[in-house]
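For reference, the structure discussed in these notes is given below.
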Amino acid sequence: MEEPVDTATAILASAAVLLRERTFDDISYRALADEVGISERTIYRQYPTRPHLLAALSNWIEQTCFPLPPFVTVSDFRAAVHERFRAFDASPAYAHVGARASAISPTLDTEPAYITRAIEAMLDVAAPTLNRRDRRRVAASLRYFSSAMFWARLRTGFDLDAAEICDAFDHAVDSVLAKLPSSATWARP
């Protein structure tokens, strides 16, 4: 027996299906309502603006299509991001939704994303003497370089594939970490 799907999830799943055929901009609330089998008004109740829908769709796609493997060490982090970049290459339309959503102002909660908290926890272990300001700066840099936005910029701007983007990511991570105290443990795969 299948579990019932809530309306918000049904809307997001249907939007993801429509993304296979058209761009996000070409998905109207009317078409989405028809796909789900609900009224357009119900879509607006769940997602009052397109940025709300985009942010929610991006989060849903990230959780269902691009879950980030857990990591504790910098080496694990690199491997997790490499895996994610390969997944982005396999589903570029979905990855571009994530990239686009990260470029808009936040419309959902302001709680830090899982990846941000995981990067900060990794830095706490790898560089326990790092002061709070520098830890946040490094976490922000690593968060950006591991993002769909970074992948999309290199994919569309330079026509790089996942392997080349992974190389660029590794170089960027090395550059960020090289500026930190040598007491930190930065294992390279």
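Within each chain, counting starts at residue 1; across the structure tokens, chains are named A, B, ... in the order shown, with ligands numbered 1 upward in that order.
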request  = Write out as a VMD selection string which residues come within 7 Å of region 151-163 of chain A when counting only C-alpha atoms, dropping same-chain ones fewer than 5 positions away.
outcome  = chain A and resid 85 to 86 89 96 99
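Close contacts of Val36 (chain A), defined as residues with an atom at most 12 Å away when counting only C-alpha atoms, with chain neighbours fewer than 2 positions off set aside, comprise Val5, Asp6, Thr7, Ala8, Thr9, Ala10, Ile11, Leu12, Ala13, Ser14, Ala15, Ala16, Val17, Leu18, Tyr29, Arg30, Ala31, Leu32, Ala33, Asp34, Ile38, Ser39, Glu40, Thr42 and Ile43 of chain A.
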task = Based on DSSP run over this structure's backbone, return all residues of region 40-128 of chain A in helix (DSSP H, G or I), as a PyMOL selection string.
result = chain A and resi 40-46+50-64+74-90+92-102+114-126
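Proximity of A:Leu180, A:Leu53, A:Ile119, A:Gly37 to Ser75 (chain A), computed with only C-alpha atoms, is greatest for A:Ile119.
Around Arg137 (chain A), within 12 Å and counting only C-alpha atoms, the residues found are Thr116, Ile119, Glu120, Leu123, Leu130, Asn131, Arg132, Leu142, Arg143, Tyr144, Val176, Leu177, Lys179 and Leu180 of chain A, once anything fewer than 5 positions away on its own chain is removed.
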Could you please take those selected residues and save N, CA and C atoms as a PDB file, in the first residue's frame?
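result_32.pdb, freshly written:
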ATOM      1  N   THR A 116      25.853  23.333   5.339  1.00  0.00           N
ATOM      2  CA  THR A 116      26.566  24.382   6.075  1.00  0.00           C
ATOM      3  C   THR A 116      26.920  23.892   7.473  1.00  0.00           C
ATOM      4  N   ILE A 119      29.679  21.229   7.209  1.00  0.00           N
ATOM      5  CA  ILE A 119      30.996  21.818   6.938  1.00  0.00           C
ATOM      6  C   ILE A 119      31.557  22.439   8.218  1.00  0.00           C
ATOM      7  N   GLU A 120      30.728  23.158   8.946  1.00  0.00           N
ATOM      8  CA  GLU A 120      31.192  23.775  10.194  1.00  0.00           C
ATOM      9  C   GLU A 120      31.624  22.705  11.207  1.00  0.00           C
ATOM     10  N   LEU A 123      34.972  21.376  10.166  1.00  0.00           N
ATOM     11  CA  LEU A 123      36.036  22.334  10.496  1.00  0.00           C
ATOM     12  C   LEU A 123      36.332  22.335  11.993  1.00  0.00           C
ATOM     13  N   LEU A 130      40.688  27.137  15.049  1.00  0.00           N
ATOM     14  CA  LEU A 130      40.242  28.180  14.127  1.00  0.00           C
ATOM     15  C   LEU A 130      39.224  29.080  14.825  1.00  0.00           C
ATOM     16  N   ASN A 131      39.433  30.391  14.741  1.00  0.00           N
ATOM     17  CA  ASN A 131      38.491  31.294  15.409  1.00  0.00           C
ATOM     18  C   ASN A 131      37.156  31.304  14.655  1.00  0.00           C
ATOM     19  N   ARG A 132      36.127  31.772  15.328  1.00  0.00           N
ATOM     20  CA  ARG A 132      34.767  31.719  14.789  1.00  0.00           C
ATOM     21  C   ARG A 132      34.644  32.444  13.451  1.00  0.00           C
ATOM     22  N   LEU A 142      33.693  27.022   1.240  1.00  0.00           N
ATOM     23  CA  LEU A 142      33.501  25.612   0.895  1.00  0.00           C
ATOM     24  C   LEU A 142      32.057  25.333   0.488  1.00  0.00           C
ATOM     25  N   ARG A 143      31.123  26.015   1.129  1.00  0.00           N
ATOM     26  CA  ARG A 143      29.699  25.862   0.779  1.00  0.00           C
ATOM     27  C   ARG A 143      29.465  26.302  -0.667  1.00  0.00           C
ATOM     28  N   TYR A 144      30.038  27.446  -1.038  1.00  0.00           N
ATOM     29  CA  TYR A 144      29.854  27.920  -2.416  1.00  0.00           C
ATOM     30  C   TYR A 144      30.496  26.956  -3.414  1.00  0.00           C
ATOM     31  N   VAL A 176      41.633  27.518  -0.470  1.00  0.00           N
ATOM     32  CA  VAL A 176      40.997  27.995   0.768  1.00  0.00           C
ATOM     33  C   VAL A 176      41.725  27.430   1.982  1.00  0.00           C
ATOM     34  N   LEU A 177      41.975  26.131   1.971  1.00  0.00           N
ATOM     35  CA  LEU A 177      42.581  25.480   3.128  1.00  0.00           C
ATOM     36  C   LEU A 177      44.054  25.838   3.313  1.00  0.00           C
ATOM     37  N   LYS A 179      45.387  28.638   3.245  1.00  0.00           N
ATOM     38  CA  LYS A 179      45.522  29.896   3.976  1.00  0.00           C
ATOM     39  C   LYS A 179      45.309  29.733   5.484  1.00  0.00           C
ATOM     40  N   LEU A 180      45.009  28.516   5.916  1.00  0.00           N
ATOM     41  CA  LEU A 180      44.705  28.273   7.325  1.00  0.00           C
ATOM     42  C   LEU A 180      45.924  27.746   8.084  1.00  0.00           C
TER      43      LEU A 180
END
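If you count only C-alpha atoms and ignore residues fewer than 6 places along the chain from Ala95 (chain A), what sits within 10 Å of it is A:Ser58, A:Ile61, A:Glu62, A:Cys65, A:Phe66, A:Arg84, A:Phe85, A:Ala87, A:Phe88, A:Asp89, A:Ala101, A:Ser147, A:Ala148, A:Met149, A:Trp151, A:Ala152.
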What does the file look like for those residues with C-alpha atoms, as a CSV table (one decimal), in the first residue's frame?
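The result, stored in again04.csv:
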chain,number,residue,atom,x,y,z
A,58,SER,CA,15.1,23.2,-5.2
A,61,ILE,CA,15.1,18.1,-5.6
A,62,GLU,CA,18.2,18.3,-3.5
A,65,CYS,CA,17.7,13.5,-6.3
A,66,PHE,CA,21.0,14.9,-4.9
A,84,ARG,CA,27.1,15.2,-6.2
A,85,PHE,CA,28.7,16.9,-9.2
A,87,ALA,CA,24.8,13.5,-10.2
A,88,PHE,CA,24.3,17.1,-11.4
A,89,ASP,CA,25.8,16.1,-14.8
A,101,ALA,CA,17.2,29.0,-6.4
A,147,SER,CA,27.1,24.2,-4.6
A,148,ALA,CA,24.9,23.7,-7.7
A,149,MET,CA,25.6,27.4,-8.5
A,151,TRP,CA,28.7,23.6,-10.8
A,152,ALA,CA,26.3,25.5,-13.1
query = From the set A:Asp25, A:Asp170, A:Asp124, A:Glu35, which residue has the shortest atom-to-atom contact distance to Val72 (chain A), counting only C-alpha atoms?
reply = A:Asp124
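Using only C-alpha atoms for every distance, the candidate list A:Val97, A:Thr64, A:Ala56, A:Arg41 yields A:Val97 as the residue closest to Arg22 (chain A).
For the atom pair formed by CA of Ile115 (chain A) and CA of Tyr94 (chain A), the distance is 18.2 Å, given to one decimal.
Neighbouring residues of Ala55 (chain A) at 9 Å or closer, counting only C-alpha atoms and skipping chain neighbours under 2 positions away, are A:Arg50, A:Pro51, A:His52, A:Leu53, A:Leu57, A:Ser58, A:Asn59, A:Trp60, A:Val97, A:Gly98, A:Arg100, A:Ala101, A:Ser102, A:Ile104, A:Pro106, A:Thr107, A:Leu108.
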